[in-house]
Amino acid sequence: MIYRSTRSDIQANSLEAVLKGLAPDGGLFVDAAIGTRSFDWQHCLTLNEFGMAEMILSFLLPDFEDMGGLVRRAYLGKFDNDRLAPLVKCGSAYVMELFHGPTSAFKDVALSMLPQLVTAARRQLGIDEDIVILTATSGDTGKAALEGFHDVDGTGIIVFYPDGGVSPVQRAQMVTQCGANVRVCAVKGNFDDCQRGVKEAFSMLGAEACGKRLSSANSINIGRLAPQVIYYFSAYAQLLADKAISPGDKVDFIVPTGNFGDILAGYYAKLMGLPVGRLVCAANENRVLRDFIETGVYDARRPFVRTSSPSMDILVSSNLERLLFIASGGNAGAVRTWMDALKKDGVYSVDKATHANIREAFSAGYAGEAATRAAIKRIWEEDGYLCDPHTAVAFSVLDSYRKSGDYRGNMCVVLSTASPFKFPAAVLDAVGGQLSGDGFSEMEELSRISGRAIPRNLASLRDMPEKHRDLIRREDILDYVKDILNNKQEGEHI
Ligand SMILES: *Cc1c(COP(=O)(O)O)cnc(C)c1O
């Protein structure tokens with residue numbers, strides 16, 4: 001039983017934690033001892049990607065049988081690069097390209113793996129009921145989860161996305177999704193509304209509803225977070241192979257951040273021994289996390305801004321809760337008090353010691369819309385590297401970070417979380433291309449300017465029919481879920 005809730009002493013083994021997604025008390029499952037359990041990270045660095053994945057996932061999720069088989073089934077042949085995530089030099093830093101998977105965003109690394117974990121957990125625990133995955137998405141999780149779960153036996157998936165709050169390409173990716181076990185629904189609201197509705201559905205319906213089991217594909221699920229640890233190790237190994245660092249050198253990672261999952265996986269890598277220097281949280285105009293890391297006060301009482309980096313348009317960042325738990329020395333009572341205050345008042349402040357523990361490992365910065373645009377243009381013109389707006393936020397923050405007192409001269413790796421072709425209008429606009437108002441022509445224009453091919457999964461969207469047109473009010477998410485669970489229609493699996 002290495003997992004426990006962040007809000008009470010409820011415990012679970014790793015199979016149960018993956019299957020449940022969220023703890024019954026509303027907390028997140030954490031491995032309280034992760035920093036004290038021993039992990040042979042030096043050996044891990046000598047393995048290839050699949051070996052690394054098997055070793056890391058077996059450490060984080062020790063109850064799963066045949067992790068090597070699960071890893072192979074998850075990744076073999078799915079990524080368009082023989083590495084899951086290649087490292088590319090860009091100026092004096094490196095970029096880790098996390099977008100070579102089936103949906104062109106970094107979510108693929110985790111969401112190719114999660115269905116394997118969920119079905120293995122179901123099998124090992126001897127559960128007969130279908131698992132229904134409820135997912136809120138700010139754009140990329142939805143598609144990556146649909147791609148992972150569609151037509152997987154014994155599972156169904158329902159995705160909620162903010163109407164008008166995702167890029168046209170992201171929307172097209174989701175509403176054209178095939179599969180008998182999938183539902184996609186737009187919500188009149190923002191991502192936080194979607195996430196709140198999904199969490200409410202979990203707490204109102206319980207883990208077992210209408211003869212089904214609910215689980216989550218959001219990074220509140222530890223099975224979603226664990227695979228993300230892999231690419232920090234891979235980045236380090238690639239830097240060693242490139243002789244950009246010597247063994248033991250610390251490496252800083254600049255991470256475009258929304259729900260705090262990606263960057264938290266970096267913290268896990270650090271706790272497992274990898275020589276990670278600082279983790280730099282890069283925020284867009286919705287800079288609640290950046291302000292929190294600077295001040296220790298989490299204040300979500302601010303306008304929600306829609307930006308060109310929609311996957312980071314989040315004010316209530318779920319995974320921070322796991323960091324709070326670890327940084328407060330495992331104080332579930334304190335975490336519960338903070339989360340209650342956030343729900344009730346929209347704000348909380350952590351004690352000095354917890355804040356100091358967080359600042360020891362984390363730095364933070366933000367880029368507004370003008371700075372994001374300028375970064376796309378500058379990186380393209382100076383380094384010949386075309387990046388998407390989320391990655392551009394990180395590049396902009398890299399600049400300010402290097403001028404700050406936190407910077408110690410470590411090698412820096414920017415995590416690139418999406419392909420520029422997913423956000424063609426924003427990227428074209430920044431590099432001075434022609435906007436046509438049609439996402440597909442804009443992808444072509446981008447391809448012409450950059451000489452890079454449009455990823456196949458995006459190019460093929462144009463000819464695919466829209467299958468999902470549901471649109472609901474944000475207060476109706478729970479009822480929508482109930483209806484689907486109760487009124488299975490002919491030929492549908494959820
Ligand atoms: C999801 C996402 C992010 C934010 O990642 P978190 O784990 O939620 O912090 C950043 N960029 C892109 C492109 C994303 O899809």
# chains A, B, ... in the order shown; residues from 1 in each chain; ligands from 1
>>> residues_around(residues="region 79-88 of chain A", least_positions_apart="2", cutoff="8 Å", atoms="only C-alpha atoms", output="list of chain:residue names")
A:Glu49, A:Tyr75, A:Leu76, A:Gly77, A:Cys90, A:Tyr94, A:Val95, A:Met96, A:Glu97, A:Leu98, A:Phe99, A:His100, A:Gly101, A:Pro102, A:Val109, A:Tyr231, A:Ser234, A:Ala235, A:Gln238, A:Leu239
>>> write_last_selection(atoms="N, CA and C atoms", output="CSV table (one decimal), in the first residue's frame")
chain,number,residue,atom,x,y,z
A,49,GLU,N,14.5,3.7,-24.1
A,49,GLU,CA,13.3,4.3,-23.7
A,49,GLU,C,12.3,3.2,-23.0
A,75,TYR,N,3.3,1.6,-26.5
A,75,TYR,CA,4.2,2.5,-27.3
A,75,TYR,C,4.7,2.0,-28.6
A,76,LEU,N,4.7,0.7,-28.7
A,76,LEU,CA,5.4,0.2,-30.0
A,76,LEU,C,4.6,0.6,-31.2
A,77,GLY,N,5.3,1.3,-32.1
A,77,GLY,CA,4.8,1.7,-33.3
A,77,GLY,C,3.8,2.9,-33.3
A,90,CYS,N,18.6,24.0,-29.4
A,90,CYS,CA,18.0,25.2,-29.9
A,90,CYS,C,18.7,26.4,-29.2
A,94,TYR,N,18.2,23.2,-24.9
A,94,TYR,CA,17.6,22.1,-25.6
A,94,TYR,C,16.1,22.1,-25.5
A,95,VAL,N,15.5,21.6,-26.6
A,95,VAL,CA,14.0,21.4,-26.5
A,95,VAL,C,13.7,19.9,-26.5
A,96,MET,N,12.9,19.5,-25.6
A,96,MET,CA,12.4,18.1,-25.7
A,96,MET,C,11.1,18.1,-26.4
A,97,GLU,N,11.0,17.5,-27.6
A,97,GLU,CA,9.8,17.4,-28.3
A,97,GLU,C,8.9,16.3,-27.9
A,98,LEU,N,7.9,16.7,-27.2
A,98,LEU,CA,7.0,15.7,-26.6
A,98,LEU,C,5.7,15.4,-27.5
A,99,PHE,N,5.8,15.9,-28.7
A,99,PHE,CA,4.6,15.9,-29.5
A,99,PHE,C,4.6,14.9,-30.7
A,100,HIS,N,5.4,13.8,-30.6
A,100,HIS,CA,5.5,12.9,-31.7
A,100,HIS,C,4.5,11.7,-31.7
A,101,GLY,N,3.6,11.8,-30.7
A,101,GLY,CA,2.6,10.7,-30.6
A,101,GLY,C,1.4,10.9,-31.5
A,102,PRO,N,0.4,10.0,-31.3
A,102,PRO,CA,-0.8,10.0,-32.2
A,102,PRO,C,-1.7,11.2,-32.2
A,109,VAL,N,2.1,10.7,-24.3
A,109,VAL,CA,3.1,9.8,-23.6
A,109,VAL,C,2.4,9.1,-22.5
A,231,TYR,N,10.1,10.8,-19.4
A,231,TYR,CA,10.9,11.6,-20.4
A,231,TYR,C,11.9,12.6,-19.7
A,234,SER,N,14.8,10.3,-19.9
A,234,SER,CA,15.2,10.3,-21.2
A,234,SER,C,15.9,11.5,-21.7
A,235,ALA,N,15.5,12.7,-21.2
A,235,ALA,CA,16.1,13.9,-21.6
A,235,ALA,C,17.5,13.9,-21.0
A,238,GLN,N,19.8,11.6,-23.0
A,238,GLN,CA,20.1,12.2,-24.3
A,238,GLN,C,21.1,13.3,-24.2
A,239,LEU,N,21.1,14.1,-23.1
A,239,LEU,CA,22.1,15.1,-22.9
A,239,LEU,C,23.4,14.5,-22.6
>>> select_by_dssp(residues="region 92-184 of chain A", states="strand (DSSP E or B)", output="list in words")
Ala93, Tyr94, Val95, Met96, Glu97, Ala105, Asp130, Ile131, Val132, Ile133, Leu134, Thr135, Ala136, Thr155, Gly156, Ile157, Ile158, Val159, Phe160, Tyr161, Pro162, Val182, Arg183 and Val184 of chain A
>>> write_last_selection(atoms="C-alpha atoms", output="PDB file, in the first residue's frame")
ATOM      1  CA  ALA A  93      19.301  25.338 -24.641  1.00  0.00           C
ATOM      2  CA  TYR A  94      17.628  22.097 -25.636  1.00  0.00           C
ATOM      3  CA  VAL A  95      14.016  21.434 -26.529  1.00  0.00           C
ATOM      4  CA  MET A  96      12.413  18.143 -25.680  1.00  0.00           C
ATOM      5  CA  GLU A  97       9.799  17.432 -28.348  1.00  0.00           C
ATOM      6  CA  ALA A 105       0.678  16.734 -27.920  1.00  0.00           C
ATOM      7  CA  ASP A 130     -17.105  -1.611 -17.262  1.00  0.00           C
ATOM      8  CA  ILE A 131     -14.825   1.295 -16.418  1.00  0.00           C
ATOM      9  CA  VAL A 132     -16.116   4.670 -17.567  1.00  0.00           C
ATOM     10  CA  ILE A 133     -13.482   7.345 -17.908  1.00  0.00           C
ATOM     11  CA  LEU A 134     -14.685  10.884 -17.190  1.00  0.00           C
ATOM     12  CA  THR A 135     -12.391  13.557 -18.544  1.00  0.00           C
ATOM     13  CA  ALA A 136     -12.312  17.326 -18.540  1.00  0.00           C
ATOM     14  CA  THR A 155     -14.109   0.740 -20.983  1.00  0.00           C
ATOM     15  CA  GLY A 156     -16.096   3.778 -22.042  1.00  0.00           C
ATOM     16  CA  ILE A 157     -15.040   7.406 -22.130  1.00  0.00           C
ATOM     17  CA  ILE A 158     -16.846  10.745 -21.817  1.00  0.00           C
ATOM     18  CA  VAL A 159     -14.934  13.943 -22.593  1.00  0.00           C
ATOM     19  CA  PHE A 160     -16.018  17.482 -21.679  1.00  0.00           C
ATOM     20  CA  TYR A 161     -14.370  20.483 -23.311  1.00  0.00           C
ATOM     21  CA  PRO A 162     -15.052  24.226 -22.972  1.00  0.00           C
ATOM     22  CA  VAL A 182     -16.878   7.372 -26.761  1.00  0.00           C
ATOM     23  CA  ARG A 183     -18.878  10.533 -26.058  1.00  0.00           C
ATOM     24  CA  VAL A 184     -17.629  14.096 -26.533  1.00  0.00           C
TER      25      VAL A 184
END
>>> residues_near_ligand(ligand="ligand 1", cutoff="7 Å", atoms="only C-alpha atoms and all ligand atoms", output="PDB file with N, CA and C atoms, in the first residue's frame")
ATOM      1  N   ALA A 105       0.459  15.983 -29.170  1.00  0.00           N
ATOM      2  CA  ALA A 105       0.678  16.734 -27.920  1.00  0.00           C
ATOM      3  C   ALA A 105       1.319  15.815 -26.883  1.00  0.00           C
ATOM      4  N   PHE A 106       1.901  16.405 -25.861  1.00  0.00           N
ATOM      5  CA  PHE A 106       2.668  15.593 -24.906  1.00  0.00           C
ATOM      6  C   PHE A 106       1.783  14.630 -24.129  1.00  0.00           C
ATOM      7  N   LYS A 107       0.485  14.893 -24.127  1.00  0.00           N
ATOM      8  CA  LYS A 107      -0.431  14.026 -23.394  1.00  0.00           C
ATOM      9  C   LYS A 107      -0.355  12.582 -23.892  1.00  0.00           C
ATOM     10  N   GLY A 139      -8.139  20.865 -23.997  1.00  0.00           N
ATOM     11  CA  GLY A 139      -7.856  20.775 -25.430  1.00  0.00           C
ATOM     12  C   GLY A 139      -7.116  19.512 -25.830  1.00  0.00           C
ATOM     13  N   ASP A 140      -6.056  19.188 -25.126  1.00  0.00           N
ATOM     14  CA  ASP A 140      -5.211  18.084 -25.577  1.00  0.00           C
ATOM     15  C   ASP A 140      -5.487  16.756 -24.881  1.00  0.00           C
ATOM     16  N   THR A 141      -5.815  16.809 -23.595  1.00  0.00           N
ATOM     17  CA  THR A 141      -6.087  15.565 -22.878  1.00  0.00           C
ATOM     18  C   THR A 141      -7.237  14.816 -23.530  1.00  0.00           C
ATOM     19  N   SER A 219      -4.814  14.266 -15.045  1.00  0.00           N
ATOM     20  CA  SER A 219      -3.583  13.944 -14.324  1.00  0.00           C
ATOM     21  C   SER A 219      -3.811  13.850 -12.820  1.00  0.00           C
ATOM     22  N   PRO A 256       5.916  24.314 -19.585  1.00  0.00           N
ATOM     23  CA  PRO A 256       4.648  25.026 -19.786  1.00  0.00           C
ATOM     24  C   PRO A 256       3.579  24.362 -18.920  1.00  0.00           C
ATOM     25  N   THR A 257       2.986  25.122 -18.015  1.00  0.00           N
ATOM     26  CA  THR A 257       2.205  24.483 -16.952  1.00  0.00           C
ATOM     27  C   THR A 257       0.758  24.943 -16.910  1.00  0.00           C
ATOM     28  N   GLY A 258      -0.133  23.962 -16.685  1.00  0.00           N
ATOM     29  CA  GLY A 258      -1.548  24.248 -16.521  1.00  0.00           C
ATOM     30  C   GLY A 258      -2.070  23.577 -15.257  1.00  0.00           C
ATOM     31  N   ASN A 259      -2.277  22.267 -15.358  1.00  0.00           N
ATOM     32  CA  ASN A 259      -2.810  21.520 -14.226  1.00  0.00           C
ATOM     33  C   ASN A 259      -1.702  20.981 -13.323  1.00  0.00           C
ATOM     34  N   PHE A 260      -0.471  21.346 -13.594  1.00  0.00           N
ATOM     35  CA  PHE A 260       0.693  21.021 -12.761  1.00  0.00           C
ATOM     36  C   PHE A 260       1.066  19.536 -12.787  1.00  0.00           C
ATOM     37  N   GLY A 261       0.624  18.814 -13.830  1.00  0.00           N
ATOM     38  CA  GLY A 261       0.961  17.403 -13.906  1.00  0.00           C
ATOM     39  C   GLY A 261       2.355  17.188 -14.477  1.00  0.00           C
ATOM     40  N   ASP A 262       2.608  17.830 -15.597  1.00  0.00           N
ATOM     41  CA  ASP A 262       3.879  17.659 -16.287  1.00  0.00           C
ATOM     42  C   ASP A 262       5.057  18.035 -15.377  1.00  0.00           C
ATOM     43  N   ILE A 263       4.961  19.163 -14.758  1.00  0.00           N
ATOM     44  CA  ILE A 263       6.074  19.645 -13.919  1.00  0.00           C
ATOM     45  C   ILE A 263       6.196  18.799 -12.654  1.00  0.00           C
ATOM     46  N   SER A 311      -4.322  25.234 -23.569  1.00  0.00           N
ATOM     47  CA  SER A 311      -4.151  24.081 -22.687  1.00  0.00           C
ATOM     48  C   SER A 311      -3.586  24.495 -21.329  1.00  0.00           C
ATOM     49  N   MET A 312      -3.216  25.762 -21.206  1.00  0.00           N
ATOM     50  CA  MET A 312      -2.729  26.266 -19.918  1.00  0.00           C
ATOM     51  C   MET A 312      -3.691  27.289 -19.333  1.00  0.00           C
ATOM     52  N   HIS A 390       2.375  27.226 -26.519  1.00  0.00           N
ATOM     53  CA  HIS A 390       2.673  26.740 -25.166  1.00  0.00           C
ATOM     54  C   HIS A 390       4.180  26.667 -24.945  1.00  0.00           C
ATOM     55  N   THR A 417       5.413  21.039 -25.598  1.00  0.00           N
ATOM     56  CA  THR A 417       4.267  20.202 -25.260  1.00  0.00           C
ATOM     57  C   THR A 417       3.301  19.964 -26.416  1.00  0.00           C
ATOM     58  N   ALA A 418       3.428  20.725 -27.498  1.00  0.00           N
ATOM     59  CA  ALA A 418       2.522  20.491 -28.626  1.00  0.00           C
ATOM     60  C   ALA A 418       3.203  20.843 -29.942  1.00  0.00           C
TER      61      ALA A 418
END
>>> closest_atom_pairs(of="region 395-465 of chain A", to="region 251-255 of chain A", cutoff="6 Å", atoms="only C-alpha atoms", output="Markdown table")
| residue | atom | partner | partner_atom | distance |
| --- | --- | --- | --- | --- |
| A:Asn410 | CA | A:Val251 | CA | 5.5 |
| A:Met411 | CA | A:Val251 | CA | 5.1 |
| A:Cys412 | CA | A:Asp252 | CA | 4.8 |
| A:Val413 | CA | A:Phe253 | CA | 4.9 |
| A:Val414 | CA | A:Ile254 | CA | 4.8 |
| A:Leu415 | CA | A:Val255 | CA | 5.5 |
>>> residues_around(residues="Asp151 (chain A)", least_positions_apart="3", cutoff="7 Å", atoms="only C-alpha atoms", output="mmCIF file with N, CA, C and O atoms, in the first residue's frame")
data_model
loop_
_atom_site.group_PDB
_atom_site.id
_atom_site.type_symbol
_atom_site.label_atom_id
_atom_site.label_comp_id
_atom_site.auth_asym_id
_atom_site.auth_seq_id
_atom_site.Cartn_x
_atom_site.Cartn_y
_atom_site.Cartn_z
ATOM 1 N N GLY A 179 -15.475 5.414 -32.644
ATOM 2 C CA GLY A 179 -15.466 4.456 -31.541
ATOM 3 C C GLY A 179 -16.849 4.321 -30.945
ATOM 4 O O GLY A 179 -17.558 5.311 -30.791
ATOM 5 N N ALA A 180 -17.238 3.080 -30.616
ATOM 6 C CA ALA A 180 -18.579 2.842 -30.088
ATOM 7 C C ALA A 180 -18.676 3.196 -28.616
ATOM 8 O O ALA A 180 -19.758 3.292 -28.061
ATOM 9 N N ASN A 181 -17.543 3.395 -27.955
ATOM 10 C CA ASN A 181 -17.584 3.623 -26.500
ATOM 11 C C ASN A 181 -17.201 5.045 -26.125
ATOM 12 O O ASN A 181 -16.730 5.295 -25.030
#
>>> residues_around(residues="Leu47 (chain A)", least_positions_apart="5", cutoff="12 Å", atoms="only C-alpha atoms", output="PDB file with N, CA and C atoms, in the first residue's frame")
ATOM      1  N   ASP A  40      17.466   2.924  -8.473  1.00  0.00           N
ATOM      2  CA  ASP A  40      18.795   2.928  -9.096  1.00  0.00           C
ATOM      3  C   ASP A  40      18.760   3.779 -10.371  1.00  0.00           C
ATOM      4  N   TRP A  41      18.770   5.094 -10.175  1.00  0.00           N
ATOM      5  CA  TRP A  41      18.573   5.997 -11.309  1.00  0.00           C
ATOM      6  C   TRP A  41      19.752   5.959 -12.274  1.00  0.00           C
ATOM      7  N   GLN A  42      20.949   5.673 -11.737  1.00  0.00           N
ATOM      8  CA  GLN A  42      22.098   5.613 -12.659  1.00  0.00           C
ATOM      9  C   GLN A  42      21.931   4.465 -13.655  1.00  0.00           C
ATOM     10  N   MET A  52      13.669   2.043 -19.709  1.00  0.00           N
ATOM     11  CA  MET A  52      13.451   3.110 -18.726  1.00  0.00           C
ATOM     12  C   MET A  52      12.004   3.129 -18.262  1.00  0.00           C
ATOM     13  N   ALA A  53      11.110   3.067 -19.249  1.00  0.00           N
ATOM     14  CA  ALA A  53       9.683   3.140 -18.929  1.00  0.00           C
ATOM     15  C   ALA A  53       9.299   1.997 -18.003  1.00  0.00           C
ATOM     16  N   GLU A  54       9.788   0.795 -18.321  1.00  0.00           N
ATOM     17  CA  GLU A  54       9.436  -0.361 -17.496  1.00  0.00           C
ATOM     18  C   GLU A  54       9.961  -0.200 -16.072  1.00  0.00           C
ATOM     19  N   MET A  55      11.211   0.272 -15.961  1.00  0.00           N
ATOM     20  CA  MET A  55      11.819   0.388 -14.634  1.00  0.00           C
ATOM     21  C   MET A  55      11.128   1.465 -13.798  1.00  0.00           C
ATOM     22  N   ILE A  56      10.854   2.605 -14.420  1.00  0.00           N
ATOM     23  CA  ILE A  56      10.238   3.730 -13.703  1.00  0.00           C
ATOM     24  C   ILE A  56       8.800   3.392 -13.302  1.00  0.00           C
ATOM     25  N   ILE A 230       9.001   9.420 -17.192  1.00  0.00           N
ATOM     26  CA  ILE A 230       9.941   8.760 -18.105  1.00  0.00           C
ATOM     27  C   ILE A 230      10.768   9.775 -18.885  1.00  0.00           C
ATOM     28  N   PHE A 233      13.959  11.397 -17.434  1.00  0.00           N
ATOM     29  CA  PHE A 233      15.123  10.516 -17.475  1.00  0.00           C
ATOM     30  C   PHE A 233      15.678  10.446 -18.898  1.00  0.00           C
ATOM     31  N   SER A 234      14.773  10.334 -19.861  1.00  0.00           N
ATOM     32  CA  SER A 234      15.201  10.255 -21.244  1.00  0.00           C
ATOM     33  C   SER A 234      15.948  11.528 -21.658  1.00  0.00           C
ATOM     34  N   TYR A 236      17.678  13.494 -19.770  1.00  0.00           N
ATOM     35  CA  TYR A 236      18.997  13.486 -19.132  1.00  0.00           C
ATOM     36  C   TYR A 236      19.944  12.542 -19.878  1.00  0.00           C
ATOM     37  N   ALA A 237      19.429  11.364 -20.235  1.00  0.00           N
ATOM     38  CA  ALA A 237      20.257  10.389 -20.958  1.00  0.00           C
ATOM     39  C   ALA A 237      20.675  10.941 -22.325  1.00  0.00           C
ATOM     40  N   GLN A 238      19.765  11.635 -22.982  1.00  0.00           N
ATOM     41  CA  GLN A 238      20.100  12.195 -24.298  1.00  0.00           C
ATOM     42  C   GLN A 238      21.132  13.321 -24.173  1.00  0.00           C
TER      43      GLN A 238
END
>>> residues_around(residues="Leu240 (chain A)", least_positions_apart="6", cutoff="10 Å", atoms="only C-alpha atoms", output="PyMOL selection string")
chain A and resi 45+234+246-249
>>> closest_residue(among="A:Ala375, A:Leu15, A:Ser167, A:Leu315", to="Leu114 (chain A)", atoms="only C-alpha atoms")
A:Leu15
>>> closest_residue(among="A:Asp299, A:Leu458, A:Pro168, A:Gly148", to="Lys343 (chain A)", atoms="only C-alpha atoms")
A:Asp299
>>> residues_around(residues="Leu289 (chain A)", least_positions_apart="6", cutoff="12 Å", atoms="only C-alpha atoms", output="number ranges by chain")
A: 256-260, 263, 280-283, 295-300, 312-321, 358, 362-366
>>> atom_distance(atom1="CA of Arg213 (chain A)", atom2="CA of Ala341 (chain A)")
29.4 Å
>>> select_by_dssp(residues="region 280-342 of chain A", states="alpha helix (DSSP H)", output="MDAnalysis selection string")
chainID A and resid 288:295 320:327 332:342
>>> residues_around(residues="Tyr407 (chain A)", least_positions_apart="6", cutoff="10 Å", atoms="only C-alpha atoms", output="PyMOL selection string")
chain A and resi 252+277-278+363+398+400-401
>>> write_last_selection(atoms="N, CA and C atoms", output="short mmCIF file (atom, residue, chain, number, x, y, z; two decimals), in the first residue's frame")
data_model
loop_
_atom_site.label_atom_id
_atom_site.label_comp_id
_atom_site.auth_asym_id
_atom_site.auth_seq_id
_atom_site.Cartn_x
_atom_site.Cartn_y
_atom_site.Cartn_z
N ASP A 252 18.15 21.93 -15.48
CA ASP A 252 16.90 22.64 -15.18
C ASP A 252 15.89 22.37 -16.30
N GLY A 277 18.00 20.12 -11.44
CA GLY A 277 18.29 21.36 -10.71
C GLY A 277 16.97 22.01 -10.34
N ARG A 278 16.60 23.04 -11.10
CA ARG A 278 15.33 23.70 -10.80
C ARG A 278 14.26 23.32 -11.83
N SER A 363 11.08 27.33 -9.54
CA SER A 363 11.06 28.75 -9.91
C SER A 363 9.82 28.95 -10.77
N LEU A 398 12.10 31.05 -20.00
CA LEU A 398 13.52 30.68 -19.94
C LEU A 398 14.39 31.93 -19.92
N SER A 400 13.61 35.04 -18.92
CA SER A 400 13.55 35.78 -17.67
C SER A 400 14.19 34.98 -16.54
N TYR A 401 14.06 33.67 -16.60
CA TYR A 401 14.67 32.82 -15.57
C TYR A 401 16.19 32.97 -15.57
#
>>> closest_residue(among="A:Lys78, A:Asp63, A:Leu323, A:Cys44", to="Val30 (chain A)", atoms="only C-alpha atoms")
A:Leu323
>>> closest_residue(among="A:Pro389, A:Pro310, A:Gly27, A:Gly126", to="Ile10 (chain A)", atoms="only C-alpha atoms")
A:Gly27
